[in-house]
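Peer 1: Next comes the structure file upload-v9.cif, holding mmCIF, C-alpha atoms.
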```
data_final
loop_
_atom_site.label_atom_id
_atom_site.label_comp_id
_atom_site.auth_asym_id
_atom_site.auth_seq_id
_atom_site.Cartn_x
_atom_site.Cartn_y
_atom_site.Cartn_z
CA MET A 1 -114.86 -112.58 -131.68
CA SER A 2 -111.45 -111.80 -130.12
CA PRO A 3 -108.37 -113.44 -131.68
CA ALA A 4 -106.84 -116.47 -130.02
CA ARG A 5 -104.44 -115.78 -127.20
CA PRO A 6 -100.84 -115.94 -128.44
CA LYS A 7 -98.37 -118.28 -126.81
CA VAL A 8 -95.83 -115.52 -126.18
CA SER A 9 -95.72 -111.76 -125.98
CA VAL A 10 -92.32 -110.28 -126.82
CA VAL A 11 -92.01 -106.95 -124.99
CA PHE A 12 -89.44 -104.36 -126.02
CA PRO A 13 -88.94 -101.18 -123.98
CA CYS A 14 -87.83 -98.52 -126.41
CA LEU A 15 -86.32 -95.04 -126.27
CA ASN A 16 -84.93 -93.61 -129.51
CA GLU A 17 -83.88 -96.89 -131.11
CA ARG A 18 -85.04 -96.27 -134.69
CA GLU A 19 -81.88 -97.81 -136.15
CA SER A 20 -82.47 -101.20 -134.50
CA VAL A 21 -86.12 -101.56 -133.51
CA GLY A 22 -87.34 -102.81 -136.88
CA ALA A 23 -84.66 -105.48 -137.15
CA CYS A 24 -85.30 -106.65 -133.56
CA VAL A 25 -89.05 -106.93 -134.13
CA ALA A 26 -88.47 -108.90 -137.33
CA GLU A 27 -85.90 -111.17 -135.68
CA ALA A 28 -88.25 -112.00 -132.82
CA ARG A 29 -91.20 -112.69 -135.12
CA ASP A 30 -89.14 -114.84 -137.48
CA ALA A 31 -87.70 -116.89 -134.61
CA MET A 32 -91.15 -117.67 -133.21
CA ARG A 33 -92.58 -118.39 -136.65
CA LYS A 34 -89.85 -120.92 -137.38
CA GLU A 35 -90.69 -122.76 -134.17
CA ARG A 36 -94.44 -122.44 -134.86
CA ILE A 37 -94.98 -120.44 -131.66
CA SER A 38 -97.80 -117.94 -131.93
CA CYS A 39 -96.62 -114.54 -130.80
CA GLU A 40 -97.23 -110.85 -130.61
CA VAL A 41 -94.55 -108.19 -130.42
CA ILE A 42 -95.16 -105.13 -128.25
CA VAL A 43 -92.91 -102.08 -128.29
CA ALA A 44 -93.37 -99.88 -125.22
CA ASP A 45 -92.30 -96.48 -126.48
CA ASN A 46 -90.84 -94.37 -123.67
CA GLY A 47 -91.02 -90.97 -125.35
CA SER A 48 -88.94 -91.54 -128.47
CA SER A 49 -88.42 -88.53 -130.71
CA ASP A 50 -86.60 -90.23 -133.61
CA GLY A 51 -89.46 -92.15 -135.24
CA SER A 52 -88.91 -95.40 -133.35
CA ALA A 53 -92.64 -95.97 -132.93
CA ALA A 54 -93.31 -95.72 -136.65
CA ALA A 55 -90.41 -98.06 -137.43
CA ALA A 56 -91.74 -100.60 -134.93
CA GLU A 57 -95.24 -100.52 -136.37
CA ALA A 58 -93.87 -100.89 -139.89
CA ALA A 59 -92.04 -104.04 -138.76
CA GLY A 60 -95.26 -105.55 -137.37
CA ALA A 61 -95.17 -104.59 -133.72
CA ARG A 62 -97.98 -103.16 -131.62
CA VAL A 63 -96.83 -99.91 -130.04
CA VAL A 64 -97.97 -98.72 -126.62
CA THR A 65 -96.85 -95.46 -125.03
CA GLU A 66 -95.42 -94.91 -121.56
CA PRO A 67 -94.87 -91.18 -120.84
CA ARG A 68 -93.03 -91.76 -117.55
CA ARG A 69 -89.35 -92.00 -118.38
CA GLY A 70 -87.69 -95.17 -117.11
CA TYR A 71 -86.89 -98.74 -118.14
CA GLY A 72 -89.12 -100.27 -115.48
CA PHE A 73 -92.11 -98.11 -116.36
CA ALA A 74 -91.77 -99.03 -120.04
CA VAL A 75 -91.51 -102.77 -119.35
CA GLY A 76 -94.49 -102.69 -117.00
CA THR A 77 -96.67 -100.88 -119.52
CA GLY A 78 -95.65 -103.29 -122.27
CA VAL A 79 -96.47 -106.34 -120.16
CA ASP A 80 -99.80 -104.82 -119.09
CA ALA A 81 -100.74 -104.57 -122.75
CA SER A 82 -99.68 -108.15 -123.52
CA ARG A 83 -101.99 -111.14 -124.03
CA GLY A 84 -99.51 -114.02 -124.25
CA GLN A 85 -99.16 -116.94 -121.87
CA VAL A 86 -95.44 -116.20 -121.65
CA VAL A 87 -93.76 -112.80 -121.55
CA LEU A 88 -90.33 -112.48 -123.17
CA ILE A 89 -88.61 -109.20 -122.30
CA ALA A 90 -85.57 -108.01 -124.24
CA ASP A 91 -83.78 -104.81 -125.16
CA VAL A 92 -84.36 -103.44 -128.61
CA ASP A 93 -80.79 -102.34 -129.33
CA GLY A 94 -79.68 -105.49 -131.16
CA THR A 95 -77.57 -106.85 -128.29
CA TYR A 96 -79.68 -109.86 -127.33
CA PRO A 97 -80.08 -113.04 -129.42
CA LEU A 98 -83.78 -112.96 -130.21
CA ASP A 99 -83.38 -116.00 -132.43
CA GLU A 100 -82.87 -117.92 -129.14
CA GLY A 101 -86.19 -116.65 -127.81
CA PRO A 102 -88.06 -119.94 -128.43
CA ALA A 103 -85.74 -121.71 -125.94
CA PHE A 104 -86.77 -119.16 -123.29
CA VAL A 105 -90.44 -119.68 -124.10
CA ARG A 106 -90.18 -123.47 -123.84
CA ALA A 107 -88.36 -123.20 -120.51
CA ALA A 108 -90.98 -120.84 -119.10
CA LEU A 109 -93.84 -123.08 -120.27
CA ALA A 110 -92.20 -126.16 -118.76
CA GLU A 111 -91.76 -124.70 -115.26
CA PRO A 112 -93.10 -121.60 -113.43
CA ASP A 113 -89.60 -120.13 -113.33
CA LEU A 114 -88.01 -116.82 -114.12
CA VAL A 115 -85.82 -117.65 -117.12
CA LEU A 116 -82.82 -115.35 -117.25
CA GLY A 117 -80.42 -114.97 -120.16
CA SER A 118 -76.86 -114.96 -118.81
CA ARG A 119 -74.27 -113.13 -120.83
CA PHE A 120 -71.46 -114.13 -118.47
CA ALA A 121 -72.35 -117.82 -118.66
CA GLY A 122 -72.48 -117.48 -122.44
CA ARG A 123 -70.39 -115.29 -124.74
CA ILE A 124 -69.82 -111.55 -124.82
CA MET A 125 -68.77 -110.41 -128.28
CA PRO A 126 -65.82 -108.00 -128.66
CA GLY A 127 -66.90 -104.41 -128.03
CA ALA A 128 -70.32 -105.42 -126.72
CA MET A 129 -69.65 -104.45 -123.09
CA PRO A 130 -67.25 -101.81 -121.74
CA THR A 131 -64.24 -103.33 -120.02
CA LEU A 132 -64.94 -101.43 -116.79
CA HIS A 133 -68.48 -102.81 -116.64
CA ARG A 134 -67.33 -106.32 -117.45
CA LEU A 135 -64.39 -106.55 -115.04
CA VAL A 136 -65.46 -104.20 -112.22
CA GLY A 137 -69.10 -103.08 -112.28
CA SER A 138 -70.84 -106.38 -112.93
CA PRO A 139 -68.68 -108.51 -110.56
CA ALA A 140 -69.13 -105.87 -107.83
CA THR A 141 -72.91 -105.84 -108.14
CA ARG A 142 -73.03 -109.65 -108.17
CA LEU A 143 -70.96 -109.73 -104.98
CA LEU A 144 -73.10 -107.08 -103.26
CA LEU A 145 -76.28 -108.84 -104.32
CA ARG A 146 -75.03 -112.05 -102.75
CA MET A 147 -73.71 -110.39 -99.57
CA LEU A 148 -76.60 -108.02 -98.90
CA LEU A 149 -79.58 -109.97 -100.20
CA GLY A 150 -78.35 -113.56 -100.40
CA ILE A 151 -79.16 -113.82 -104.12
CA ARG A 152 -76.82 -115.65 -106.48
CA SER A 153 -76.98 -114.75 -110.15
CA SER A 154 -74.30 -114.73 -112.80
CA ASP A 155 -75.98 -111.84 -114.64
CA PRO A 156 -78.52 -109.88 -112.57
CA HIS A 157 -78.42 -106.95 -115.04
CA SER A 158 -79.47 -109.09 -117.99
CA GLY A 159 -82.13 -107.49 -120.14
CA MET A 160 -83.39 -110.77 -121.65
CA ARG A 161 -85.74 -112.78 -119.47
CA ALA A 162 -88.96 -114.76 -119.83
CA MET A 163 -91.69 -116.05 -117.53
CA ARG A 164 -95.34 -116.96 -117.53
CA ARG A 165 -97.61 -113.97 -117.27
CA GLU A 166 -98.88 -115.04 -113.83
CA VAL A 167 -95.28 -115.31 -112.63
CA PHE A 168 -94.60 -111.75 -113.75
CA ASP A 169 -97.69 -110.57 -111.91
CA ALA A 170 -96.49 -112.35 -108.75
CA ILE A 171 -92.96 -110.89 -108.80
CA ARG A 172 -93.71 -107.59 -110.51
CA PRO A 173 -91.28 -104.85 -109.45
CA VAL A 174 -92.50 -101.38 -108.53
CA THR A 175 -89.34 -99.44 -109.35
CA GLY A 176 -89.44 -97.49 -112.59
CA SER A 177 -85.76 -97.29 -113.49
CA TRP A 178 -82.99 -99.80 -114.17
CA GLU A 179 -83.33 -101.24 -110.65
CA PHE A 180 -86.35 -103.03 -112.13
CA THR A 181 -84.05 -105.92 -113.13
CA PHE A 182 -82.70 -106.35 -109.59
CA GLU A 183 -86.08 -106.03 -107.93
CA MET A 184 -87.47 -108.80 -110.10
CA LEU A 185 -84.79 -111.16 -108.77
CA VAL A 186 -85.40 -110.04 -105.18
CA ASN A 187 -89.15 -110.56 -105.52
CA ALA A 188 -88.59 -113.96 -107.11
CA ALA A 189 -86.45 -115.03 -104.14
CA ARG A 190 -89.04 -113.80 -101.65
CA ARG A 191 -91.82 -115.70 -103.39
CA SER A 192 -89.77 -118.85 -103.92
CA VAL A 193 -89.77 -118.47 -107.70
CA ARG A 194 -86.79 -120.33 -109.08
CA VAL A 195 -84.44 -118.48 -111.42
CA ARG A 196 -83.18 -120.56 -114.30
CA GLU A 197 -80.29 -119.18 -116.34
CA ILE A 198 -79.71 -119.83 -120.03
CA PRO A 199 -76.31 -118.88 -121.52
CA ILE A 200 -76.66 -116.36 -124.35
CA THR A 201 -74.48 -114.46 -126.76
CA TYR A 202 -74.29 -110.72 -126.15
CA ARG A 203 -73.70 -108.62 -129.25
CA LYS A 204 -72.49 -105.09 -129.84
CA ARG A 205 -75.37 -102.65 -129.65
CA ILE A 206 -76.72 -100.60 -132.52
CA GLY A 207 -76.85 -96.88 -131.78
CA THR A 208 -75.90 -94.98 -128.64
CA SER A 209 -76.26 -96.41 -125.13
CA LYS A 210 -78.65 -94.66 -122.74
CA LEU A 211 -76.97 -96.11 -119.65
CA ARG A 212 -75.26 -93.54 -117.40
CA ALA A 213 -72.68 -95.39 -115.33
CA LEU A 214 -72.56 -93.28 -112.15
CA PRO A 215 -76.28 -92.45 -111.70
CA GLU A 216 -77.37 -95.98 -112.59
CA GLY A 217 -74.64 -97.53 -110.46
CA TRP A 218 -75.77 -95.47 -107.49
CA GLY A 219 -79.37 -96.48 -108.21
CA PHE A 220 -78.47 -100.17 -108.06
CA PHE A 221 -76.46 -99.73 -104.84
CA ARG A 222 -79.25 -97.67 -103.25
CA PHE A 223 -81.79 -100.35 -104.09
CA MET A 224 -79.68 -103.13 -102.61
CA ILE A 225 -78.82 -101.33 -99.38
CA LEU A 226 -82.42 -100.19 -98.82
CA HIS A 227 -83.56 -103.78 -99.23
CA SER A 228 -80.97 -105.03 -96.74
CA PRO A 229 -82.00 -103.56 -93.36
CA ALA A 230 -79.65 -105.91 -91.52
CA PHE A 231 -76.60 -104.25 -93.07
CA LEU A 232 -78.08 -100.75 -93.15
CA PHE A 233 -79.44 -100.63 -89.59
CA ILE A 234 -78.95 -103.72 -87.46
CA VAL A 235 -75.22 -104.43 -87.88
CA PRO A 236 -74.12 -100.79 -87.27
CA GLY A 237 -76.60 -100.58 -84.40
CA LEU A 238 -75.28 -103.68 -82.68
CA LEU A 239 -71.71 -102.43 -83.02
CA ALA A 240 -72.64 -99.05 -81.54
CA MET A 241 -74.54 -100.73 -78.69
CA ALA A 242 -71.63 -103.05 -77.91
CA LEU A 243 -69.12 -100.21 -77.83
CA GLY A 244 -71.44 -97.98 -75.80
CA ALA A 245 -72.26 -100.68 -73.26
CA ALA A 246 -68.55 -101.51 -72.91
CA PHE A 247 -67.80 -97.85 -72.17
CA LEU A 248 -70.62 -97.70 -69.62
CA GLY A 249 -69.39 -100.77 -67.79
CA TRP A 250 -65.74 -99.72 -67.91
CA LEU A 251 -66.37 -96.18 -66.63
CA LEU A 252 -69.28 -96.86 -64.28
CA GLN A 253 -67.41 -96.45 -60.99
CA VAL A 254 -64.15 -94.58 -61.68
CA ASP A 255 -62.28 -92.64 -64.34
CA ARG A 256 -59.82 -94.62 -66.46
CA SER A 257 -56.61 -93.90 -68.31
CA ILE A 258 -54.84 -95.47 -71.27
CA GLY A 259 -51.37 -93.97 -71.55
CA SER A 260 -51.81 -90.21 -71.62
CA ALA A 261 -55.51 -90.42 -72.54
CA ASN A 262 -58.00 -89.91 -69.71
CA PHE A 263 -61.59 -91.17 -69.81
CA GLY A 264 -64.13 -89.74 -67.37
CA ILE A 265 -67.69 -88.42 -67.24
CA ASN A 266 -67.59 -87.05 -70.79
CA SER A 267 -66.57 -90.45 -72.11
CA LEU A 268 -69.32 -92.03 -70.05
CA VAL A 269 -71.85 -89.74 -71.73
CA VAL A 270 -70.45 -90.74 -75.14
CA GLY A 271 -70.98 -94.39 -74.17
CA ALA A 272 -74.55 -93.66 -73.18
CA LEU A 273 -75.26 -91.87 -76.47
CA ALA A 274 -73.69 -94.69 -78.47
CA THR A 275 -75.85 -97.23 -76.65
CA ILE A 276 -79.03 -95.24 -77.23
CA VAL A 277 -78.32 -94.51 -80.91
CA GLY A 278 -77.27 -98.11 -81.51
CA TYR A 279 -80.42 -99.45 -79.94
CA GLN A 280 -82.53 -97.08 -82.05
CA LEU A 281 -80.81 -98.35 -85.21
CA VAL A 282 -81.53 -101.95 -84.23
CA ALA A 283 -85.18 -101.06 -83.58
CA LEU A 284 -85.42 -99.30 -86.95
CA GLY A 285 -83.83 -102.29 -88.66
CA THR A 286 -86.29 -104.69 -87.04
CA CYS A 287 -89.21 -102.56 -88.19
CA ALA A 288 -87.70 -102.25 -91.68
CA ARG A 289 -87.36 -106.04 -91.95
CA ALA A 290 -90.94 -106.45 -90.84
CA TYR A 291 -92.03 -103.98 -93.50
CA MET A 292 -90.07 -105.83 -96.18
CA ASP A 293 -91.69 -109.08 -95.03
CA THR A 294 -95.16 -107.66 -95.65
CA ARG A 295 -94.36 -108.33 -99.32
CA ASN A 296 -94.11 -112.00 -98.42
CA PRO A 297 -96.45 -112.51 -95.44
CA ALA A 298 -95.55 -116.18 -95.07
CA GLN A 299 -92.15 -115.18 -93.67
CA ILE A 300 -93.47 -113.08 -90.77
CA PRO A 301 -94.49 -115.87 -88.34
CA ARG A 302 -91.25 -117.73 -89.07
CA ARG A 303 -89.03 -114.73 -88.43
CA ARG A 304 -90.80 -113.14 -85.46
CA PRO A 305 -92.86 -115.74 -83.59
CA TRP A 306 -91.63 -114.19 -80.33
CA PHE A 307 -93.04 -110.73 -80.88
CA THR A 308 -96.30 -109.37 -79.55
CA LEU A 309 -97.09 -105.78 -78.70
CA GLU A 310 -97.70 -106.76 -75.08
CA ARG A 311 -94.28 -108.38 -74.73
CA GLY A 312 -92.63 -105.31 -76.18
CA LEU A 313 -94.52 -103.02 -73.83
CA VAL A 314 -93.63 -105.13 -70.78
CA ALA A 315 -89.93 -105.18 -71.73
CA GLY A 316 -89.95 -101.45 -72.32
CA LEU A 317 -91.74 -100.70 -69.07
CA LEU A 318 -89.31 -102.88 -67.09
CA LEU A 319 -86.35 -101.02 -68.55
CA LEU A 320 -88.03 -97.67 -67.99
CA VAL A 321 -88.91 -98.44 -64.37
CA ALA A 322 -85.45 -99.87 -63.67
CA GLY A 323 -83.75 -96.82 -65.13
CA VAL A 324 -85.98 -94.36 -63.32
CA SER A 325 -85.47 -96.30 -60.07
CA VAL A 326 -81.69 -96.06 -60.35
CA VAL A 327 -81.85 -92.33 -61.03
CA ALA A 328 -84.34 -91.85 -58.20
CA SER A 329 -82.11 -93.71 -55.75
CA VAL A 330 -79.17 -91.47 -56.64
CA GLY A 331 -81.37 -88.41 -56.29
CA ALA A 332 -82.71 -89.58 -52.93
CA ARG A 333 -79.21 -90.00 -51.53
CA TRP A 334 -78.28 -86.56 -52.84
CA LEU A 335 -81.32 -84.96 -51.19
CA ALA A 336 -80.81 -86.82 -47.92
CA SER A 337 -77.19 -85.68 -47.72
CA ASP A 338 -78.08 -81.95 -47.98
CA PHE A 339 -77.07 -81.55 -51.65
CA PRO A 340 -73.38 -82.43 -51.61
CA GLN A 341 -71.35 -82.85 -54.78
CA LEU A 342 -72.24 -86.23 -56.26
CA ALA A 343 -69.69 -88.97 -55.88
CA ARG A 344 -68.08 -90.30 -59.07
CA SER A 345 -69.87 -93.63 -58.70
CA ASP A 346 -73.24 -91.83 -58.38
CA HIS A 347 -72.57 -89.94 -61.60
CA GLY A 348 -71.98 -93.26 -63.32
CA LEU A 349 -75.14 -94.82 -61.89
CA ALA A 350 -77.25 -91.81 -62.89
CA ILE A 351 -76.04 -91.92 -66.49
CA VAL A 352 -76.59 -95.68 -66.72
CA GLY A 353 -80.08 -95.26 -65.24
CA LEU A 354 -80.95 -92.51 -67.72
CA THR A 355 -79.68 -94.71 -70.55
CA ALA A 356 -81.88 -97.61 -69.43
CA ALA A 357 -84.90 -95.31 -69.13
CA VAL A 358 -84.42 -93.90 -72.64
CA VAL A 359 -83.95 -97.39 -74.11
CA GLY A 360 -87.13 -98.46 -72.33
CA MET A 361 -89.06 -95.61 -73.92
CA GLN A 362 -87.60 -96.50 -77.33
CA THR A 363 -88.73 -100.10 -76.80
CA ILE A 364 -92.29 -99.05 -75.97
CA PHE A 365 -92.77 -96.83 -79.01
CA SER A 366 -90.85 -99.13 -81.36
CA SER A 367 -93.14 -101.98 -80.26
CA PHE A 368 -96.18 -99.95 -81.24
CA PHE A 369 -94.62 -99.23 -84.63
CA LEU A 370 -93.56 -102.84 -85.19
CA SER A 371 -97.05 -104.04 -84.32
CA LEU A 372 -98.33 -102.22 -87.42
CA PHE A 373 -96.56 -104.89 -89.49
CA VAL A 374 -96.59 -107.88 -87.12
CA ARG A 375 -99.66 -108.73 -85.07
CA ASP A 376 -99.16 -111.45 -82.45
CA GLY A 377 -96.50 -113.09 -84.58
CA GLN A 378 -98.89 -113.26 -87.53
CA SER A 379 -99.14 -111.33 -90.74
#
```
Mind turning this structure into structure tokens?
Peer 2:
Amino acid sequence: MSPARPKVSVVFPCLNERESVGACVAEARDAMRKERISCEVIVADNGSSDGSAAAAEAAGARVVTEPRRGYGFAVGTGVDASRGQVVLIADVDGTYPLDEGPAFVRAALAEPDLVLGSRFAGRIMPGAMPTLHRLVGSPATRLLLRMLLGIRSSDPHSGMRAMRREVFDAIRPVTGSWEFTFEMLVNAARRSVRVREIPITYRKRIGTSKLRALPEGWGFFRFMILHSPAFLFIVPGLLAMALGAAFLGWLLQVDRSIGSANFGINSLVVGALATIVGYQLVALGTCARAYMDTRNPAQIPRRRPWFTLERGLVAGLLLLVAGVSVVASVGARWLASDFPQLARSDHGLAIVGLTAAVVGMQTIFSSFFLSLFVRDGQS
């Protein structure tokens, strides 16, 4: 007969933390025992070479091994091995107040929330966090997270969080590194899982930190920008389109001058290229947003009720035919006039027509690609 399911599984990702792992396991077990909360402690060893696994087992933890190096991989493997109703995740370096774990468990049992321990809403002990991280790095990432993804959190990097097991399964990140913490918040927002913050005390770590500021900082920024197609693709694309279209309209008929600077056919070509590249960026951004929405299918009809493949094809064909017609009319006049040098206005019309034709072709093929994610406005 299998043992009764514990109320909580405490999951510690671990890489060479022999000095602290035993004390953290004991602190977590003692805290749950005092509150009469049945628990198991799982240490997900991420390739330790200092005897961390043996120290964890000696303290009463169950050790599972994750050979792929990375915080996210270790947490995922630890949770997969858990049996508790609630999962409490924390670092095993002595920084997080495991004696406050029962409060996280009660909060997670009361509501299907992601319960996040906030160091900035609580207290950071002297020497616990580098000044640069505290005053620059963390505020910058909070600001970017709000600007790019619309997520407000006082401590998105926090390594102490709890949730019901089914909530973890619903918002489970796929990244294997430190971005795991950010992705969990992003997935929670997409699935309408509320994030509840509990102020905590952050203590000075035991042992040497594994965090590398520049590589991990780039990893966080890369994750945020890749998950914000509006800022990565659509905003730059719209700016390029606006500038390109303005150049096309301004230089369509005649050359222009501003002071000693002259703008002619070459500038008109630059405007055409800017319009085409900008439109392609907008199309890529639309497809990227549709792809991101496949992780939350309920958003697709709300965001793109207007799109069908047929509408995209019709719009693209109209642009293509219009552009080809303009170019053909210029060519017909040129042929009928026994191949004279084209007038300046005809040069402008030909370039505008070619631009419209290329944008029409982009619309046709982008519509096919977008339809892979959105079918008749439905997921």
Peer 1: Between CA of Leu88 in chain A and CA of Ile42 in chain A, what is the distance in Å, rounded to a tenth?
Peer 2: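 Rounded to one decimal, the two atoms are 10.2 Å apart.
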Peer 1: Quick one: distance from CA of Asp50 in chain A to CA of Arg203 in chain A in Å, one decimal?
Peer 2: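 Interatomic distance here is 22.9 Å.
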Peer 1: Taking the file as I've supplied it (selection: the PyMOL selection byres ((chain A and resi 273-284) around 9)), which residues are included? Please answer as a PyMOL selection string.
Peer 2: chain A and resi 229-230+232-245+248+268-272+285-289+355-356+358-359+362-363+366-367+370
Peer 1: The selected residues should be written to file as a PDB file, in the frame of the given file (atoms: C-alpha atoms).
Peer 2:
```pdb
ATOM      1  CA  PRO A 229     -82.000-103.560 -93.360  1.00  0.00           C
ATOM      2  CA  ALA A 230     -79.650-105.910 -91.520  1.00  0.00           C
ATOM      3  CA  LEU A 232     -78.080-100.750 -93.150  1.00  0.00           C
ATOM      4  CA  PHE A 233     -79.440-100.630 -89.590  1.00  0.00           C
ATOM      5  CA  ILE A 234     -78.950-103.720 -87.460  1.00  0.00           C
ATOM      6  CA  VAL A 235     -75.220-104.430 -87.880  1.00  0.00           C
ATOM      7  CA  PRO A 236     -74.120-100.790 -87.270  1.00  0.00           C
ATOM      8  CA  GLY A 237     -76.600-100.580 -84.400  1.00  0.00           C
ATOM      9  CA  LEU A 238     -75.280-103.680 -82.680  1.00  0.00           C
ATOM     10  CA  LEU A 239     -71.710-102.430 -83.020  1.00  0.00           C
ATOM     11  CA  ALA A 240     -72.640 -99.050 -81.540  1.00  0.00           C
ATOM     12  CA  MET A 241     -74.540-100.730 -78.690  1.00  0.00           C
ATOM     13  CA  ALA A 242     -71.630-103.050 -77.910  1.00  0.00           C
ATOM     14  CA  LEU A 243     -69.120-100.210 -77.830  1.00  0.00           C
ATOM     15  CA  GLY A 244     -71.440 -97.980 -75.800  1.00  0.00           C
ATOM     16  CA  ALA A 245     -72.260-100.680 -73.260  1.00  0.00           C
ATOM     17  CA  LEU A 248     -70.620 -97.700 -69.620  1.00  0.00           C
ATOM     18  CA  LEU A 268     -69.320 -92.030 -70.050  1.00  0.00           C
ATOM     19  CA  VAL A 269     -71.850 -89.740 -71.730  1.00  0.00           C
ATOM     20  CA  VAL A 270     -70.450 -90.740 -75.140  1.00  0.00           C
ATOM     21  CA  GLY A 271     -70.980 -94.390 -74.170  1.00  0.00           C
ATOM     22  CA  ALA A 272     -74.550 -93.660 -73.180  1.00  0.00           C
ATOM     23  CA  GLY A 285     -83.830-102.290 -88.660  1.00  0.00           C
ATOM     24  CA  THR A 286     -86.290-104.690 -87.040  1.00  0.00           C
ATOM     25  CA  CYS A 287     -89.210-102.560 -88.190  1.00  0.00           C
ATOM     26  CA  ALA A 288     -87.700-102.250 -91.680  1.00  0.00           C
ATOM     27  CA  ARG A 289     -87.360-106.040 -91.950  1.00  0.00           C
ATOM     28  CA  THR A 355     -79.680 -94.710 -70.550  1.00  0.00           C
ATOM     29  CA  ALA A 356     -81.880 -97.610 -69.430  1.00  0.00           C
ATOM     30  CA  VAL A 358     -84.420 -93.900 -72.640  1.00  0.00           C
ATOM     31  CA  VAL A 359     -83.950 -97.390 -74.110  1.00  0.00           C
ATOM     32  CA  GLN A 362     -87.600 -96.500 -77.330  1.00  0.00           C
ATOM     33  CA  THR A 363     -88.730-100.100 -76.800  1.00  0.00           C
ATOM     34  CA  SER A 366     -90.850 -99.130 -81.360  1.00  0.00           C
ATOM     35  CA  SER A 367     -93.140-101.980 -80.260  1.00  0.00           C
ATOM     36  CA  LEU A 370     -93.560-102.840 -85.190  1.00  0.00           C
TER      37      LEU A 370
END
```
Peer 1: Please measure the separation of CA of Lys204 in chain A and CA of Pro97 in chain A, giving the value in Å to one decimal.
Peer 2: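 Calculated distance between CA of Lys204 in chain A and CA of Pro97 in chain A is 11.0 Å.
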Peer 1: Which residues match the PyMOL selection byres ((chain A and resi 138-154) around 9) in the file above, as an mmCIF file with C-alpha atoms, in the frame of the given file?
Peer 2:
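Final file, result-v6.cif:
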```cif
data_model
loop_
_atom_site.group_PDB
_atom_site.id
_atom_site.type_symbol
_atom_site.label_atom_id
_atom_site.label_comp_id
_atom_site.auth_asym_id
_atom_site.auth_seq_id
_atom_site.Cartn_x
_atom_site.Cartn_y
_atom_site.Cartn_z
ATOM 1 C CA SER A 118 -76.860 -114.960 -118.810
ATOM 2 C CA ARG A 119 -74.270 -113.130 -120.830
ATOM 3 C CA PHE A 120 -71.460 -114.130 -118.470
ATOM 4 C CA ALA A 121 -72.350 -117.820 -118.660
ATOM 5 C CA LEU A 132 -64.940 -101.430 -116.790
ATOM 6 C CA HIS A 133 -68.480 -102.810 -116.640
ATOM 7 C CA ARG A 134 -67.330 -106.320 -117.450
ATOM 8 C CA LEU A 135 -64.390 -106.550 -115.040
ATOM 9 C CA VAL A 136 -65.460 -104.200 -112.220
ATOM 10 C CA GLY A 137 -69.100 -103.080 -112.280
ATOM 11 C CA ASP A 155 -75.980 -111.840 -114.640
ATOM 12 C CA PRO A 156 -78.520 -109.880 -112.570
ATOM 13 C CA HIS A 157 -78.420 -106.950 -115.040
ATOM 14 C CA PHE A 182 -82.700 -106.350 -109.590
ATOM 15 C CA LEU A 185 -84.790 -111.160 -108.770
ATOM 16 C CA VAL A 186 -85.400 -110.040 -105.180
ATOM 17 C CA ALA A 189 -86.450 -115.030 -104.140
ATOM 18 C CA VAL A 195 -84.440 -118.480 -111.420
ATOM 19 C CA GLU A 197 -80.290 -119.180 -116.340
ATOM 20 C CA GLY A 217 -74.640 -97.530 -110.460
ATOM 21 C CA PHE A 220 -78.470 -100.170 -108.060
ATOM 22 C CA PHE A 221 -76.460 -99.730 -104.840
ATOM 23 C CA MET A 224 -79.680 -103.130 -102.610
ATOM 24 C CA ILE A 225 -78.820 -101.330 -99.380
ATOM 25 C CA HIS A 227 -83.560 -103.780 -99.230
ATOM 26 C CA SER A 228 -80.970 -105.030 -96.740
ATOM 27 C CA PRO A 229 -82.000 -103.560 -93.360
ATOM 28 C CA ALA A 230 -79.650 -105.910 -91.520
ATOM 29 C CA PHE A 231 -76.600 -104.250 -93.070
#
```
Peer 1: Using the chain letters and numbers from the file, give me the residues hit by the PyMOL selection byres ((chain A and resi 250) around 12), as a ChimeraX atom specification.
Peer 2: /A:243-249,251-257,263-265,267-268,271-272,345,348,352
Peer 1: So, counting all atoms listed in the file, which residue among A:Arg205, A:Arg191, A:Arg62, A:Arg165 is closest to Ser20 in chain A?
Peer 2: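 Closest to Ser20 in chain A, using all atoms listed in the file: A:Arg205.
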Peer 1: From the list A:Val11, A:Met129, A:Ala53, A:Ala58, which residue is nearest Thr77 in chain A when using only C-alpha atoms?
Peer 2: A:Val11
Peer 1: Using only C-alpha atoms, which of the listed residues (A:Cys14, A:Ala336, A:Met160, A:Leu372) sits closest to Tyr202 in chain A?
Peer 2: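 Distance minimum relative to Tyr202 in chain A lands on A:Met160.
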Peer 1: Counting all atoms listed in the file, which residue out of A:Thr131, A:Ser49, A:Ser9, A:Ser38 sits closest to Val75 in chain A?
Peer 2: A:Ser9
Peer 1: Within 8 Å of Ile171 in chain A, counting only C-alpha atoms, which residues show up once you throw out same-chain ones fewer than 4 positions away? Write them as a PyMOL selection string, please.
Peer 2: chain A and resi 167+184+187-188+191
Peer 1: When distances are computed from all atoms listed in the file, which of A:Ile37, A:Val193, A:Val64, A:Ala44 shows the smallest separation from Leu114 in chain A?
Peer 2: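 Closest to Leu114 in chain A, using all atoms listed in the file: A:Val193.
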Peer 1: Of the candidates A:Lys210, A:Arg311, A:Arg222, A:Arg36, which one gets nearest to Glu17 in chain A if we count all atoms listed in the file?
Peer 2: A:Lys210
Peer 1: Can you tell me which residues surround Ala59 in chain A at a distance of at most 7 Å, considering all atoms listed in the file, apart from same-chain residues fewer than 5 positions away, and format the answer as number ranges by chain?
Peer 2: A: 22, 25-26
